[in-house]
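As provided, upload-v3.cif (mmCIF, C-alpha atoms) reads as follows.
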data_my_file
loop_
_atom_site.label_atom_id
_atom_site.label_comp_id
_atom_site.auth_asym_id
_atom_site.auth_seq_id
_atom_site.Cartn_x
_atom_site.Cartn_y
_atom_site.Cartn_z
CA MET A 1 0.00 0.00 0.00
CA SER A 2 1.53 3.28 -1.03
CA ALA A 3 1.78 6.18 1.37
CA HIS A 4 -0.18 8.41 -1.00
CA ARG A 5 -3.10 6.07 -1.20
CA THR A 6 -3.10 5.48 2.48
CA ARG A 7 -3.32 9.15 3.30
CA ARG A 8 -6.28 9.49 0.99
CA GLU A 9 -7.98 6.64 2.76
CA LEU A 10 -7.29 8.24 6.09
CA LEU A 11 -8.67 11.57 4.97
CA ALA A 12 -11.74 9.98 3.50
CA ALA A 13 -12.29 8.10 6.72
CA GLY A 14 -11.75 11.30 8.68
CA ALA A 15 -14.38 13.10 6.65
CA ARG A 16 -16.89 10.42 7.48
CA LEU A 17 -15.98 10.64 11.15
CA ALA A 18 -15.99 14.44 11.25
CA PRO A 19 -19.37 14.83 12.93
CA LEU A 20 -18.08 12.77 15.85
CA THR A 21 -14.70 14.40 16.24
CA PRO A 22 -14.27 17.23 18.70
CA ALA A 23 -12.65 19.59 16.27
CA GLY A 24 -15.18 18.90 13.52
CA ALA A 25 -17.61 21.62 12.56
CA GLY A 26 -20.53 19.57 13.79
CA ALA A 27 -18.95 18.49 17.02
CA ALA A 28 -21.62 16.56 18.84
CA ALA A 29 -20.28 17.57 22.21
CA LEU A 30 -21.01 21.19 21.45
CA ILE A 31 -24.48 20.55 20.21
CA PHE A 32 -25.87 18.15 22.74
CA PRO A 33 -26.10 18.76 26.46
CA ALA A 34 -24.13 16.33 28.57
CA ALA A 35 -27.18 14.67 30.03
CA ALA A 36 -28.50 13.93 26.58
CA GLN A 37 -25.11 12.70 25.51
CA ALA A 38 -24.99 10.34 28.46
CA VAL A 39 -27.25 7.77 26.84
CA ARG A 40 -26.09 8.16 23.26
CA ALA A 41 -24.57 5.33 21.32
CA PRO A 42 -20.87 4.83 21.97
CA HIS A 43 -18.32 6.80 20.02
CA ILE A 44 -16.75 4.09 17.93
CA GLN A 45 -15.17 4.27 14.53
CA LYS A 46 -17.07 1.99 12.22
CA PHE A 47 -15.46 2.82 8.90
CA PRO A 48 -13.13 0.32 7.22
CA MET A 49 -9.64 0.74 8.57
CA PRO A 50 -6.56 0.69 6.34
CA VAL A 51 -4.20 -2.11 7.28
CA PHE A 52 -0.77 -1.09 8.59
CA ASP A 53 1.81 -3.11 10.39
CA GLU A 54 3.24 -1.72 13.60
CA THR A 55 6.49 -0.65 11.94
CA ASP A 56 4.58 1.40 9.44
CA ARG A 57 2.45 2.95 12.16
CA LEU A 58 5.50 3.85 14.21
CA GLN A 59 7.13 5.54 11.23
CA ARG A 60 4.00 7.57 10.59
CA LEU A 61 3.75 8.65 14.22
CA ILE A 62 7.43 9.60 14.33
CA ARG A 63 7.07 11.70 11.18
CA LEU A 64 4.21 13.57 12.78
CA GLU A 65 6.06 14.03 16.06
CA LEU A 66 9.09 15.38 14.19
CA LEU A 67 6.88 17.85 12.36
CA LEU A 68 5.34 18.93 15.65
CA LEU A 69 8.80 19.29 17.21
CA TYR A 70 10.00 21.37 14.28
CA CYS A 71 6.97 23.66 14.48
CA TYR A 72 7.31 24.17 18.24
CA ARG A 73 10.99 25.03 17.87
CA GLN A 74 10.34 27.46 15.05
CA VAL A 75 7.40 29.20 16.71
CA LEU A 76 9.16 29.49 20.07
CA GLY A 77 12.40 30.55 18.39
CA ALA A 78 10.69 33.22 16.31
CA GLY A 79 9.55 35.09 19.41
CA ILE A 80 6.11 35.54 17.91
CA LEU A 81 4.25 34.40 21.02
CA ASN A 82 3.42 36.68 23.91
CA HIS A 83 5.35 36.17 27.13
CA GLY A 84 2.68 34.06 28.85
CA ALA A 85 2.38 31.65 25.95
CA GLN A 86 6.14 31.50 25.54
CA VAL A 87 6.47 30.38 29.16
CA ALA A 88 3.49 28.01 29.02
CA LEU A 89 4.80 26.17 25.96
CA ALA A 90 8.50 26.29 26.78
CA THR A 91 8.78 22.65 27.84
CA PHE A 92 6.70 21.20 25.03
CA PRO A 93 9.56 20.71 22.53
CA ALA A 94 11.35 18.59 25.12
CA HIS A 95 8.19 16.55 25.53
CA GLU A 96 7.95 15.98 21.79
CA GLU A 97 11.60 14.99 21.72
CA ALA A 98 10.94 12.42 24.44
CA HIS A 99 8.03 11.06 22.44
CA VAL A 100 10.23 10.72 19.36
CA ASN A 101 12.93 8.92 21.33
CA ALA A 102 10.46 6.49 22.88
CA LEU A 103 8.85 5.71 19.53
CA GLU A 104 12.24 5.36 17.84
CA ARG A 105 13.29 2.75 20.37
CA ARG A 106 10.17 0.71 19.58
CA LEU A 107 10.74 1.17 15.86
CA ARG A 108 14.40 0.09 15.98
CA ALA A 109 13.45 -2.96 18.04
CA ARG A 110 11.26 -3.97 15.10
CA GLY A 111 14.05 -3.36 12.62
CA GLY A 112 12.43 -0.30 11.11
CA ALA A 113 14.26 2.70 9.69
CA VAL A 114 13.74 5.99 11.49
CA PRO A 115 12.21 8.55 9.11
CA PRO A 116 13.73 12.03 8.82
CA GLY A 117 11.94 15.13 10.04
CA PRO A 118 11.51 18.40 8.14
CA VAL A 119 14.71 20.39 7.66
CA SER A 120 13.28 23.65 6.34
CA HIS A 121 10.22 25.85 6.58
CA ALA A 122 9.30 24.95 3.01
CA GLN A 123 9.40 21.24 3.74
CA ALA A 124 7.50 21.63 7.01
CA ASN A 125 4.88 23.78 5.28
CA ARG A 126 4.41 21.10 2.63
CA TYR A 127 3.82 18.53 5.36
CA LEU A 128 1.39 20.87 7.11
CA ALA A 129 -0.53 21.44 3.91
CA HIS A 130 -0.58 17.72 3.22
CA ARG A 131 -2.19 17.16 6.62
CA GLY A 132 -4.72 19.92 6.10
CA VAL A 133 -3.27 22.16 8.81
CA GLY A 134 -3.93 25.86 8.25
CA GLY A 135 -1.13 28.39 8.80
CA ARG A 136 2.39 28.33 7.44
CA LEU A 137 5.70 28.81 9.20
CA GLY A 138 7.26 32.11 8.23
CA GLN A 139 3.86 33.58 7.38
CA LEU A 140 2.22 33.62 10.81
CA LYS A 141 0.40 36.87 11.54
CA GLY A 142 0.78 37.08 15.28
CA PRO A 143 0.60 35.01 18.45
CA LEU A 144 -2.95 33.75 17.98
CA ASP A 145 -2.15 32.57 14.47
CA ALA A 146 0.88 30.69 15.81
CA VAL A 147 -1.09 29.10 18.63
CA ARG A 148 -3.82 28.01 16.23
CA LEU A 149 -1.29 26.30 13.98
CA LEU A 150 0.19 24.40 16.92
CA LEU A 151 -3.26 23.58 18.27
CA THR A 152 -4.44 22.11 14.98
CA LEU A 153 -1.26 20.11 14.59
CA GLU A 154 -1.63 18.75 18.12
CA GLN A 155 -5.17 17.68 17.25
CA VAL A 156 -3.97 15.97 14.09
CA THR A 157 -1.36 14.18 16.20
CA ILE A 158 -3.96 13.06 18.73
CA GLY A 159 -6.03 11.78 15.83
CA ALA A 160 -3.09 9.78 14.53
CA TYR A 161 -2.56 8.14 17.92
CA ASN A 162 -6.26 7.42 18.25
CA MET A 163 -6.21 5.82 14.83
CA ALA A 164 -3.10 3.81 15.74
CA LEU A 165 -4.86 2.35 18.77
CA THR A 166 -7.35 0.63 16.49
CA GLY A 167 -4.63 -1.50 14.93
CA VAL A 168 -1.70 -1.92 17.32
CA GLN A 169 -1.68 -5.26 19.14
CA ASP A 170 1.48 -5.00 21.26
CA THR A 171 0.14 -4.08 24.69
CA ASP A 172 3.32 -2.26 25.72
CA LEU A 173 3.09 -0.13 22.61
CA VAL A 174 -0.61 0.50 23.25
CA GLU A 175 0.26 1.79 26.72
CA LEU A 176 3.01 4.03 25.36
CA ILE A 177 0.65 5.43 22.72
CA CYS A 178 -1.92 6.17 25.43
CA GLN A 179 0.67 7.96 27.57
CA ILE A 180 1.82 10.10 24.66
CA MET A 181 -1.67 10.75 23.32
CA ALA A 182 -2.80 11.95 26.75
CA ASN A 183 0.25 14.22 26.92
CA GLU A 184 -0.61 15.72 23.53
CA ALA A 185 -4.11 16.35 24.87
CA GLN A 186 -2.53 18.22 27.79
CA HIS A 187 -0.60 20.33 25.30
CA ASP A 188 -3.87 20.88 23.46
CA ALA A 189 -5.48 22.17 26.66
CA MET A 190 -2.60 24.53 27.39
CA LEU A 191 -2.68 25.84 23.83
CA GLY A 192 -6.41 26.39 24.25
CA MET A 193 -5.64 28.47 27.33
CA GLN A 194 -3.64 30.84 25.12
CA LEU A 195 -6.70 31.63 23.00
CA PRO A 196 -9.65 33.86 23.92
CA PRO A 197 -11.41 33.74 26.32
CA PHE A 198 -8.33 32.29 28.06
CA LYS A 199 -10.41 30.17 30.42
CA PRO A 200 -10.14 26.49 31.40
CA ALA A 201 -13.69 25.66 30.39
CA SER A 202 -13.02 26.81 26.84
CA ALA A 203 -9.59 25.18 26.77
CA ALA A 204 -11.14 21.74 27.18
CA PRO A 205 -14.59 22.15 25.69
CA TYR A 206 -15.26 18.58 24.57
CA GLY A 207 -16.27 15.55 26.57
CA LEU A 208 -14.57 13.13 24.21
CA VAL A 209 -11.38 13.92 22.34
CA SER A 210 -10.16 11.70 19.54
CA GLY A 211 -8.37 14.37 17.54
CA LEU A 212 -8.53 15.33 13.90
CA GLN A 213 -8.46 12.36 11.57
CA MET B 1 -25.17 10.76 45.73
CA VAL B 2 -22.82 11.14 48.65
CA THR B 3 -23.39 9.24 51.85
CA THR B 4 -24.91 11.32 54.59
CA ASP B 5 -24.24 8.97 57.44
CA GLY B 6 -20.71 10.04 57.98
CA ALA B 7 -18.90 12.53 60.09
CA PRO B 8 -20.10 16.10 60.55
CA SER B 9 -17.45 17.27 58.13
CA ARG B 10 -19.05 15.24 55.43
CA ARG B 11 -22.40 16.77 56.29
CA ALA B 12 -20.81 20.15 56.03
CA PHE B 13 -19.40 19.14 52.67
CA LEU B 14 -22.89 18.26 51.53
CA SER B 15 -24.72 21.17 53.08
CA GLY B 16 -22.21 23.48 51.44
CA ALA B 17 -23.61 22.30 48.18
CA GLY B 18 -26.95 23.85 49.08
CA ALA B 19 -29.40 24.94 46.52
CA ALA B 20 -26.87 24.98 43.74
CA LEU B 21 -26.81 21.21 43.91
CA ALA B 22 -30.41 21.05 42.89
CA GLY B 23 -29.77 22.06 39.33
CA VAL B 24 -26.48 20.34 38.82
CA GLY B 25 -27.61 17.31 40.78
CA ALA B 26 -30.57 16.90 38.51
CA VAL B 27 -28.27 16.82 35.56
CA ALA B 28 -26.05 14.32 37.32
CA LEU B 29 -28.93 12.09 38.19
CA GLY B 30 -30.22 12.36 34.68
CA GLY B 31 -26.87 11.41 33.30
CA CYS B 32 -26.08 8.60 35.65
CA GLY B 33 -29.11 7.26 37.40
CA SER B 34 -31.36 7.32 34.42
CA ALA B 35 -28.80 5.83 32.14
CA GLY B 36 -29.53 2.35 33.31
CA LYS B 37 -33.23 2.89 32.78
CA ALA B 38 -32.60 4.23 29.32
CA ALA B 39 -30.77 1.02 28.54
CA ASP B 40 -34.05 -0.82 28.79
CA ALA B 41 -35.95 1.59 26.60
CA PRO B 42 -37.22 -0.10 23.45
CA GLY B 43 -35.72 1.08 20.23
CA ASP B 44 -32.87 2.83 21.99
CA ALA B 45 -30.43 -0.05 22.11
CA PRO B 46 -27.19 0.56 20.19
CA GLN B 47 -26.10 -1.83 17.51
CA PRO B 48 -23.84 -4.63 18.75
CA LEU B 49 -20.18 -3.96 18.21
CA SER B 50 -18.24 -5.97 15.74
CA PRO B 51 -16.01 -7.60 16.77
CA ALA B 52 -17.80 -8.31 19.99
CA VAL B 53 -16.39 -7.05 23.23
CA ALA B 54 -15.17 -9.91 25.34
CA HIS B 55 -16.50 -10.62 28.79
CA ASP B 56 -13.29 -9.32 30.31
CA ASP B 57 -13.76 -6.05 28.49
CA VAL B 58 -17.18 -5.59 30.06
CA ALA B 59 -15.63 -6.09 33.48
CA ILE B 60 -12.97 -3.47 32.72
CA LEU B 61 -15.53 -1.00 31.40
CA THR B 62 -17.77 -1.59 34.42
CA ARG B 63 -14.92 -0.76 36.78
CA ALA B 64 -14.20 2.40 34.83
CA LEU B 65 -17.88 3.36 34.97
CA ASP B 66 -17.88 3.00 38.75
CA LEU B 67 -14.92 5.36 39.04
CA GLU B 68 -16.50 7.85 36.64
CA ARG B 69 -19.67 7.88 38.74
CA ARG B 70 -17.62 8.46 41.85
CA THR B 71 -15.95 11.42 40.19
CA VAL B 72 -19.31 12.79 39.03
CA THR B 73 -20.53 12.60 42.61
CA ALA B 74 -17.49 14.50 43.82
CA TYR B 75 -17.93 17.25 41.22
CA VAL B 76 -21.63 17.67 42.05
CA ALA B 77 -20.93 17.98 45.75
CA ALA B 78 -17.79 20.07 45.38
CA ILE B 79 -18.71 22.70 42.81
CA PRO B 80 -20.65 24.89 45.25
CA LEU B 81 -17.57 25.06 47.45
CA LEU B 82 -15.45 26.57 44.67
CA PRO B 83 -15.05 30.25 43.77
CA ARG B 84 -16.84 31.29 40.61
CA PRO B 85 -14.04 30.89 38.01
CA GLU B 86 -13.06 27.45 39.28
CA ALA B 87 -16.71 26.46 39.59
CA HIS B 88 -17.30 27.45 35.97
CA ALA B 89 -14.52 25.15 34.82
CA ALA B 90 -15.64 22.38 37.17
CA ASN B 91 -19.15 22.54 35.73
CA GLN B 92 -17.65 21.91 32.29
CA PHE B 93 -15.59 19.04 33.67
CA LEU B 94 -18.70 17.60 35.32
CA ALA B 95 -20.48 17.62 31.97
CA ASP B 96 -17.49 15.81 30.49
CA GLU B 97 -17.55 13.16 33.21
CA LEU B 98 -21.24 12.60 32.60
CA GLU B 99 -20.49 12.10 28.94
CA HIS B 100 -17.78 9.60 29.87
CA ALA B 101 -20.24 7.67 31.99
CA GLY B 102 -22.68 7.66 29.08
CA GLN B 103 -19.94 6.50 26.72
CA LEU B 104 -19.02 3.63 29.00
CA ILE B 105 -22.65 2.61 29.51
CA GLY B 106 -23.07 2.60 25.75
CA LEU B 107 -20.02 0.40 25.30
CA ILE B 108 -21.18 -2.01 27.99
CA ARG B 109 -24.65 -2.21 26.47
CA ALA B 110 -23.24 -2.68 23.00
CA ALA B 111 -21.25 -5.58 24.34
CA GLY B 112 -24.42 -7.22 25.59
CA GLY B 113 -23.72 -6.28 29.17
CA ILE B 114 -25.86 -4.29 31.54
CA GLY B 115 -24.67 -1.04 33.00
CA PRO B 116 -24.60 -1.63 36.75
CA PRO B 117 -26.75 0.61 38.92
CA ARG B 118 -25.17 3.51 40.72
CA ALA B 119 -24.10 2.89 44.26
CA ASP B 120 -26.28 4.42 46.96
CA SER B 121 -23.35 6.47 48.12
CA TYR B 122 -19.73 7.15 47.34
CA PRO B 123 -18.10 7.95 50.64
CA PHE B 124 -14.98 10.08 50.73
CA ALA B 125 -12.57 9.55 53.58
CA ASN B 126 -11.77 13.22 54.08
CA PRO B 127 -14.46 15.43 52.61
CA PRO B 128 -12.96 18.74 51.55
CA THR B 129 -14.05 21.98 53.12
CA THR B 130 -11.87 24.56 51.37
CA PRO B 131 -11.47 25.32 47.66
CA ALA B 132 -7.88 24.09 47.80
CA GLN B 133 -9.00 20.79 49.29
CA VAL B 134 -11.76 20.50 46.71
CA LEU B 135 -9.32 20.99 43.85
CA ALA B 136 -6.95 18.46 45.42
CA LEU B 137 -9.76 15.89 45.67
CA LEU B 138 -10.87 16.43 42.07
CA HIS B 139 -7.26 16.27 40.91
CA SER B 140 -6.79 13.01 42.79
CA LEU B 141 -9.93 11.44 41.31
CA GLU B 142 -9.03 12.49 37.77
CA SER B 143 -5.57 11.01 38.24
CA GLN B 144 -7.07 7.76 39.50
CA GLN B 145 -9.19 7.59 36.38
CA ILE B 146 -6.15 8.17 34.17
CA GLY B 147 -4.25 5.42 35.98
CA LEU B 148 -7.16 3.05 35.50
CA TYR B 149 -7.51 3.83 31.80
CA LEU B 150 -3.78 3.44 31.20
CA ARG B 151 -3.92 -0.02 32.75
CA ALA B 152 -7.23 -0.94 31.14
CA ILE B 153 -6.87 0.19 27.53
CA PRO B 154 -4.06 -2.24 26.61
CA ARG B 155 -6.22 -5.07 28.01
CA LEU B 156 -9.24 -4.21 25.86
CA ALA B 157 -9.35 -6.55 22.91
CA PRO B 158 -10.95 -4.81 19.91
CA GLY B 159 -9.04 -1.84 18.56
CA PRO B 160 -12.10 0.38 18.09
CA ILE B 161 -13.00 -0.09 21.75
CA ARG B 162 -9.49 0.94 22.76
CA ALA B 163 -9.79 4.04 20.60
CA ALA B 164 -13.22 4.88 22.02
CA VAL B 165 -12.02 4.59 25.61
CA SER B 166 -8.86 6.55 24.83
CA SER B 167 -11.07 9.49 23.85
CA ILE B 168 -12.08 9.57 27.53
CA LEU B 169 -8.49 9.28 28.73
CA THR B 170 -7.45 12.33 26.72
CA VAL B 171 -10.14 14.48 28.31
CA ASP B 172 -9.24 13.36 31.82
CA ALA B 173 -5.63 14.26 31.06
CA GLU B 174 -6.80 17.73 30.01
CA HIS B 175 -8.76 18.04 33.25
CA VAL B 176 -5.68 17.18 35.30
CA THR B 177 -3.64 19.79 33.45
CA LEU B 178 -6.22 22.51 34.06
CA LEU B 179 -6.75 21.48 37.68
CA ARG B 180 -2.97 21.62 38.19
CA LEU B 181 -3.01 25.09 36.69
CA GLN B 182 -5.72 26.17 39.12
CA GLN B 183 -3.70 24.69 41.97
CA GLY B 184 -0.63 26.68 40.98
CA GLN B 185 1.26 23.57 39.90
CA THR B 186 3.18 22.95 36.68
CA PRO B 187 0.31 22.09 34.34
CA VAL B 188 2.15 19.56 32.16
CA PRO B 189 4.88 18.13 34.36
CA GLY B 190 6.32 15.57 31.95
CA PRO B 191 6.20 14.05 28.47
CA PHE B 192 4.30 10.92 29.47
CA VAL B 193 1.01 10.82 31.32
CA THR B 194 1.11 8.13 33.97
CA GLY B 195 -1.75 8.93 36.32
CA SER B 196 0.63 9.91 39.08
CA GLU B 197 0.67 13.58 38.11
#
Go through the file and emit its structure as structure tokens.
Amino acid sequence: MSAHRTRRELLAAGARLAPLTPAGAGAAALIFPAAAQAVRAPHIQKFPMPVFDETDRLQRLIRLELLLLYCYRQVLGAGILNHGAQVALATFPAHEEAHVNALERRLRARGGAVPPGPVSHAQANRYLAHRGVGGRLGQLKGPLDAVRLLLTLEQVTIGAYNMALTGVQDTDLVELICQIMANEAQHDAMLGMQLPPFKPASAAPYGLVSGLQ
Amino acid sequence: MVTTDGAPSRRAFLSGAGAALAGVGAVALGGCGSAGKAADAPGDAPQPLSPAVAHDDVAILTRALDLERRTVTAYVAAIPLLPRPEAHAANQFLADELEHAGQLIGLIRAAGGIGPPRADSYPFANPPTTPAQVLALLHSLESQQIGLYLRAIPRLAPGPIRAAVSSILTVDAEHVTLLRLQQGQTPVPGPFVTGSE
């Protein structure tokens, strides 16, 4: 299965899932009160899943983590964020680096080759465009624009981990994915705190978070 | 919701809830207590999952549901003790926890299981009396849930069930981060969420 075809399948699947994803325009959690939600059918992906082996999945996740790491470094290095956001996000690149290292260890143990990350703004912007992330490095129009780019990319990353959980069988790897995915959700919440109205309730507005897929 | 046969401090914890509990409590009862009843409603049953959830999975989900209900109880009782900004956030978190309970009940029902009834009470050893204690209790309960999900998700057999439950884990991780922020702690203390944060 080629990478190109696989991405198309993923996007098509994501479009079908959009009404159930938190970041989707029709996010159910926004529309329905919690009490009504409480007896709704479970949030389960029912679309046909593309078949990946664990090596392939790990490579995909590492590519995404490397893109995220690159974007954090560039945004923080550009000094575009306000002071509060700069402080709040300061440790996140180190977190992403730790994720990459942990995933790389699992990948090498399976004999897989570690994929390279982006080495330039142009390359990173191509990857962002390919994943449907709005905003481009080098063209950000202020702190909110920068935060939105990082927020969307975090949500895409969460979606990739959520998708990976449907196919990974190794229980140790499943646990690692959960630990990282939850950490990305924490980043997501802190990024949300940097956007108006700068309040916790709006930073975590959804009852179920499976990311952008 | 919370046992009333305990120490005076627990009574104080409950009485502090006061009238504000009426509204929120109704939502909580609607979300939790009525969920089991809704499971029996004709025409409302979800389609069975494919592949089927194993018996062990139902046991795992049931344990998670019990903890979610305990956390819901704590939020309902604790919110009136919080200052307005923290209470606003806690109300949102309560709604999330109710949704988690509903999600778990749906998964259990879809697996052919029956969502167990709520316990008559969920006693807390040291009921909080100050906002700081309330936040610490909520933080502790959210962390317990994260720990449970991290242990449980790898044991769930079908991938889609793992993904569905992980969408609860992510939200609880967000809650912990924001509760830590409200407590003046480092909101994201490390790169891996372990449930001990």
What would the selection look like, as an NGL selection string, if the PyMOL selection byres ((chain B and resi 82) around 12) were run on the coordinates I just shared?
:B and (13 or 16-17 or 20 or 75-81 or 83-91 or 128-136 or 138 or 182)
Which residue of A:Glu184, A:Glu175, A:Asp170, A:Glu104 approaches Thr152 in chain A most closely, using all atoms listed in the file
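Under the stated criterion, the closest residue is A:Glu184.
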Per residue of chain B within 7 Å of chain A, what are the shortest atom pair and its distance in Å to one decimal, counting only C-alpha atoms, with rows by chain and residue number, as CSV?
residue,atom,partner,partner_atom,distance
B:Val27,CA,A:Ala35,CA,6.0
B:Gly30,CA,A:Ala35,CA,6.0
B:Gly31,CA,A:Ala35,CA,4.6
B:Ala35,CA,A:Val39,CA,5.9
B:Ala38,CA,A:Val39,CA,6.9
B:Pro46,CA,A:Ala41,CA,5.6
B:His88,CA,A:Ala201,CA,6.9
B:Ala89,CA,A:Ala201,CA,4.5
B:Gln92,CA,A:Ala201,CA,5.8
B:Ala95,CA,A:Ala34,CA,5.2
B:Asp96,CA,A:Gly207,CA,4.1
B:Leu98,CA,A:Ala38,CA,6.0
B:Glu99,CA,A:Ala38,CA,4.9
B:His100,CA,A:Gly207,CA,7.0
B:Ala101,CA,A:Ala38,CA,6.5
B:Gly102,CA,A:Ala38,CA,3.6
B:Gln103,CA,A:Pro42,CA,5.1
B:Gly106,CA,A:Pro42,CA,4.9
B:Leu107,CA,A:Pro42,CA,5.6
B:Leu150,CA,A:Glu175,CA,6.3
B:Pro154,CA,A:Thr171,CA,5.0
B:Gly159,CA,A:Thr166,CA,3.6
B:Pro160,CA,A:Thr166,CA,5.0
B:Ile161,CA,A:Ile44,CA,6.8
B:Arg162,CA,A:Leu165,CA,6.3
B:Ala163,CA,A:Asn162,CA,5.4
B:Ala164,CA,A:Ile44,CA,5.5
B:Ser166,CA,A:Cys178,CA,7.0
B:Ser167,CA,A:Val209,CA,4.7
B:Ile168,CA,A:Leu208,CA,5.5
B:Leu169,CA,A:Ala182,CA,6.6
B:Thr170,CA,A:Ala182,CA,4.7
B:Val171,CA,A:Val209,CA,6.1
B:Ala173,CA,A:Ala182,CA,5.6
B:Glu174,CA,A:Gln186,CA,4.8
B:Thr177,CA,A:Gln186,CA,6.0
B:Leu178,CA,A:Pro200,CA,6.2
B:Val188,CA,A:Gln186,CA,6.5
B:Gly190,CA,A:His95,CA,6.8
B:Pro191,CA,A:His95,CA,4.3
B:Phe192,CA,A:Gln179,CA,5.1
B:Val193,CA,A:Gln179,CA,4.7
B:Thr194,CA,A:Gln179,CA,6.4
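Near range 141-145 of chain B, within 8 Å and counting all atoms listed in the file, sit Ala64, Leu67, Glu68, Thr71, Leu137, Tyr149, Leu169, Asp172, Ala173, His175, Val176, Gly195, Ser196 and Glu197 of chain B; same-chain residues fewer than 4 positions away were not included.
One finds CA of Gln74 in chain A at 7.6 Å from CA of Leu137 in chain A.
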Tell me which residues come within 12 Å of (-12.9, -1.6, 40.0), as a list in words, counting all atoms listed in the file in the file's coordinates.
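It turns out the residues near that spot are Val58, Ala59, Ile60, Leu61, Thr62, Arg63, Ala64, Leu65, Asp66, Leu67, Glu68, Arg69, Arg70, Gln144, Gln145, Gly147, Leu148, Tyr149, Arg151 and Ala152 of chain B.
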What is the distance between CA of Gly134 in chain A and CA of Arg63 in chain A, in Å to one decimal?
18.2 Å
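Our summary of the geometry notes that CA of Leu144 in chain A is positioned 6.6 Å from CA of Leu195 in chain A.
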Got a sec to resolve the PyMOL selection byres ((chain A and resi 108-122) around 12) on this structure and send the residues as number ranges by chain?
A: 53-71, 73-75, 97, 100-107, 123-129, 135-140, 170, 173
Translate the PyMOL selection byres ((chain B and resi 55) around 12) into a concrete residue list for this structure, as a PyMOL selection string.
chain B and resi 52-54+56-62+108-114+155-158
Please save C-alpha atoms of the selected residues as a compact mmCIF listing (two decimals), keeping the file's coordinate frame.
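New file selection_28.txt:
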# COMPACT_ATOMS: atom_id res chain seq x y z
CA ALA B 52 -17.80 -8.31 19.99
CA VAL B 53 -16.39 -7.05 23.23
CA ALA B 54 -15.17 -9.91 25.34
CA ASP B 56 -13.29 -9.32 30.31
CA ASP B 57 -13.76 -6.05 28.49
CA VAL B 58 -17.18 -5.59 30.06
CA ALA B 59 -15.63 -6.09 33.48
CA ILE B 60 -12.97 -3.47 32.72
CA LEU B 61 -15.53 -1.00 31.40
CA THR B 62 -17.77 -1.59 34.42
CA ILE B 108 -21.18 -2.01 27.99
CA ARG B 109 -24.65 -2.21 26.47
CA ALA B 110 -23.24 -2.68 23.00
CA ALA B 111 -21.25 -5.58 24.34
CA GLY B 112 -24.42 -7.22 25.59
CA GLY B 113 -23.72 -6.28 29.17
CA ILE B 114 -25.86 -4.29 31.54
CA ARG B 155 -6.22 -5.07 28.01
CA LEU B 156 -9.24 -4.21 25.86
CA ALA B 157 -9.35 -6.55 22.91
CA PRO B 158 -10.95 -4.81 19.91
Surrounding residues of Asn82 in chain A excluding itself and chain neighbours under 4 positions, 10 Å, all atoms listed in the file, as a PyMOL selection string
chain A and resi 76+86-87+142-144+194
